[in-house]
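Working notes, structure below.
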Number of protein chains: 2
Amino acid sequence: VRIALDGMGGDLGPRMVVEGTIRALARDRSLEVLLVGDEKILKREVQAAGLSDSRLKIVHASEMVLMSDGLRQVRGKRDSSIARAVELVRDGEADGVVGVGNTLAVVAITQFRLRLLEGIRRAGIAVPMPTGREHPCVLIDVGANVNAKPEHLAGYGLMASVYCEKILGRGNPRVGLLNVGEEEDKGSETAKETFDRFRHLPVRFAGNVEPHDIFRGAVDVAVCDGFAGNLVLKTAEAVAEMIFLMFRRELRRGVIRSLGGLLSKAAFREMRSRIDYAEYGGALLLGVNGVCVIGHGRSDGRAVDNAIRVAANAAAAGINERIVGSLAAES
Amino acid sequence: VRIALDGMGGDLGPRMVVEGTIRALARDRSLEVLLVGDEKILKREVQAAGLSDSRLKIVHASEMVLMSDGLRQVRGKRDSSIARAVELVRDGEADGVVGVGNTLAVVAITQFRLRLLEGIRRAGIAVPMPTGREHPCVLIDVGANVNAKPEHLAGYGLMASVYCEKILGRGNPRVGLLNVGEEEDKGSETAKETFDRFRHLPVRFAGNVEPHDIFRGAVDVAVCDGFAGNLVLKTAEAVAEMIFLMFRRELRRGVIRSLGGLLSKAAFREMRSRIDYAEYGGALLLGVNGVCVIGHGRSDGRAVDNAIRVAANAAAAGINERIVGSLAAES
């Protein structure tokens, strides 16, 4: 599998992207990476890291999108590293693209250059959230589309259901609509219309759900607009970070606790990696005609490696062909 | 301080409310409680609990609001326990009211029977969220008002700032506007107008913030509409619950871990009580002309006790007089 990777994105810069690439190439012997960005900078980083692998190629792009760039700036940068990386997918030179950093830029460029899948009206970002059970719950959309209409949400439900079944291996996934203040929303026309649409979709519809249902694993897919999904994702990350910080602090108070902390260290480490979104996640942009994974703005090497893995898996599994097949079966 | 308490609300029923009352009366010798609801049921529960205290009085109400009741049903139940409890505050017979259960019913009844404070256009629910630092961050609104206008949000910022300063003892609190997908919202007129209003409020405005800023304690107040606030609150509860569940499970795997878990048990317990929202929280409805605290629908005795404590503190500190004073100073 060949993945095009934006080498210039992210808060932490090209060094982290190169570090992630090294990890990915070491992990997966069948992987090839096209690293896109300023040739000079990327070559220097690759050399500094001591990497020399014929499976890595550098593709030059003269511009880069900044974290702070708005859509207008993004459109103006026609030769940005992320735009070039997306074009490699469009032109069949790569099987998938990984963009790190400015989420809205990646979404806009990908929707524009790859176009949408037949039957899909809007792309959405899907993230598998860890739950109290063995299986994750796929949350869609976490930020591509903050003004989602009922038909967009219906598309999200269908696509995430396919993702769950074909990539995460979860048969017959339950799909819920994320809702809060149920009493208030009962009356809203949009909420009613969305609910109604879902009852007629070829998915296993579980009705309205709340955040508890996500983290208890009561559903396999939770559908919402990008505003709500982004809040849930970012709150989950922040609360997990806070709790681990508190634990570390508490377990330093006194000899007995320190010993306790030491003995339970392995358990802590496993837990952390299970709920660490950098490790776990990998945000797949579903609905565009090509595989696209969006890395966190604060992505470190491990997160970049993971994003590459998710993109490679999605490409290998033919996620988009399966979604199109499922849509065709419906109509 | 005399607190009127809805004895019939909540998923867990009168028994939990009575248990909470017993805890509260034992904790605070200056407290009086007016327990409102079906006299027969409440008397039986009080007797069963072996409670006999002249500081507890039962006030009869013939109806009760169910968790599933919509606003129409709530309006029809004129002699509901929560309506009677609110009237005790309106008529000066109690210094504050605690309602447990159907949040929207409590908000609607309280706004209607107590009216709003002079200068306030909409009530909002404020919850102190635990953070990685010593001080909490007050999140407002967590569900009273899902269609908040800029002037409502401005009122929330002012009121929560007073709450932080006068009740939580946090001088000169920093007030942030909760925002997601900053890039997207920059353009929205509502977001711009709200931001502008905050720049002219007599609060220490910290600009737009994200969930991370709440849980790192980077601000003392985070203002948002009831939809966003409810998602953040419920996600935080759900993630904390999930992590503790995972820990319990991980620490049972093998002898060394079990020992480690045993030795760090005290640390766990302290942590839990710090981030347990039942213990910590107590949702204060700010903006109504009277003190009102809303307990969680799943409230147990400890949560009810805590809600009573928050109401008594707010009443004793004269929260509403201070808010009105602050509003008067502004204009």
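Scheme for the structure tokens: letters A, B, ... for chains in order shown; per-chain residue numbers from 1; ligand numbers from 1 in order shown.
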Neighbours of chain B in chain A at 6 Å, counting only C-alpha atoms, as a VMD selection string:
chain A and resid 132 211 to 212 234 to 235 238 242 250 256 to 257 260 263 to 264 267
Please give the complete set of residues from segment 67-120 of chain B that DSSP, run on the backbone, assigns to strand (DSSP E or B), formatted as a PyMOL selection string.
chain B and resi 80+96-100+116
Can you pull out every residue within 9 Å of Val310 of chain B, counting only C-alpha atoms, but drop anything in the same chain fewer than 5 positions away, and send it as a PDB file with N, CA and C atoms, in the first residue's frame?
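Written output follows (out.pdb):
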ATOM      1  N   GLY B 281     -20.242  18.458  42.207  1.00  0.00           N
ATOM      2  CA  GLY B 281     -21.058  19.405  41.460  1.00  0.00           C
ATOM      3  C   GLY B 281     -22.090  20.150  42.273  1.00  0.00           C
ATOM      4  N   GLY B 282     -23.306  19.941  41.972  1.00  0.00           N
ATOM      5  CA  GLY B 282     -24.362  20.763  42.516  1.00  0.00           C
ATOM      6  C   GLY B 282     -24.604  21.830  41.477  1.00  0.00           C
ATOM      7  N   ALA B 283     -25.664  21.679  40.731  1.00  0.00           N
ATOM      8  CA  ALA B 283     -25.910  22.560  39.600  1.00  0.00           C
ATOM      9  C   ALA B 283     -26.813  23.690  40.057  1.00  0.00           C
ATOM     10  N   LEU B 284     -26.265  24.898  40.042  1.00  0.00           N
ATOM     11  CA  LEU B 284     -26.983  26.069  40.522  1.00  0.00           C
ATOM     12  C   LEU B 284     -27.664  26.738  39.335  1.00  0.00           C
ATOM     13  N   VAL B 293     -31.177  24.805  43.224  1.00  0.00           N
ATOM     14  CA  VAL B 293     -30.149  23.840  42.837  1.00  0.00           C
ATOM     15  C   VAL B 293     -30.830  22.625  42.227  1.00  0.00           C
ATOM     16  N   ASP B 305     -27.457  15.224  49.349  1.00  0.00           N
ATOM     17  CA  ASP B 305     -26.819  15.958  50.441  1.00  0.00           C
ATOM     18  C   ASP B 305     -25.990  17.107  49.881  1.00  0.00           C
ATOM     19  N   ALA B 315     -27.466  30.483  49.365  1.00  0.00           N
ATOM     20  CA  ALA B 315     -28.425  31.329  50.081  1.00  0.00           C
ATOM     21  C   ALA B 315     -27.711  32.139  51.159  1.00  0.00           C
TER      22      ALA B 315
END
Set the distance at 9 Å and use only C-alpha atoms: which residues neighbour Ala154 of chain A once local chain neighbours fewer than 3 positions away are removed? I'd like the list as a PyMOL selection string.
chain A and resi 149-151+157-159+194+197-198+201+223
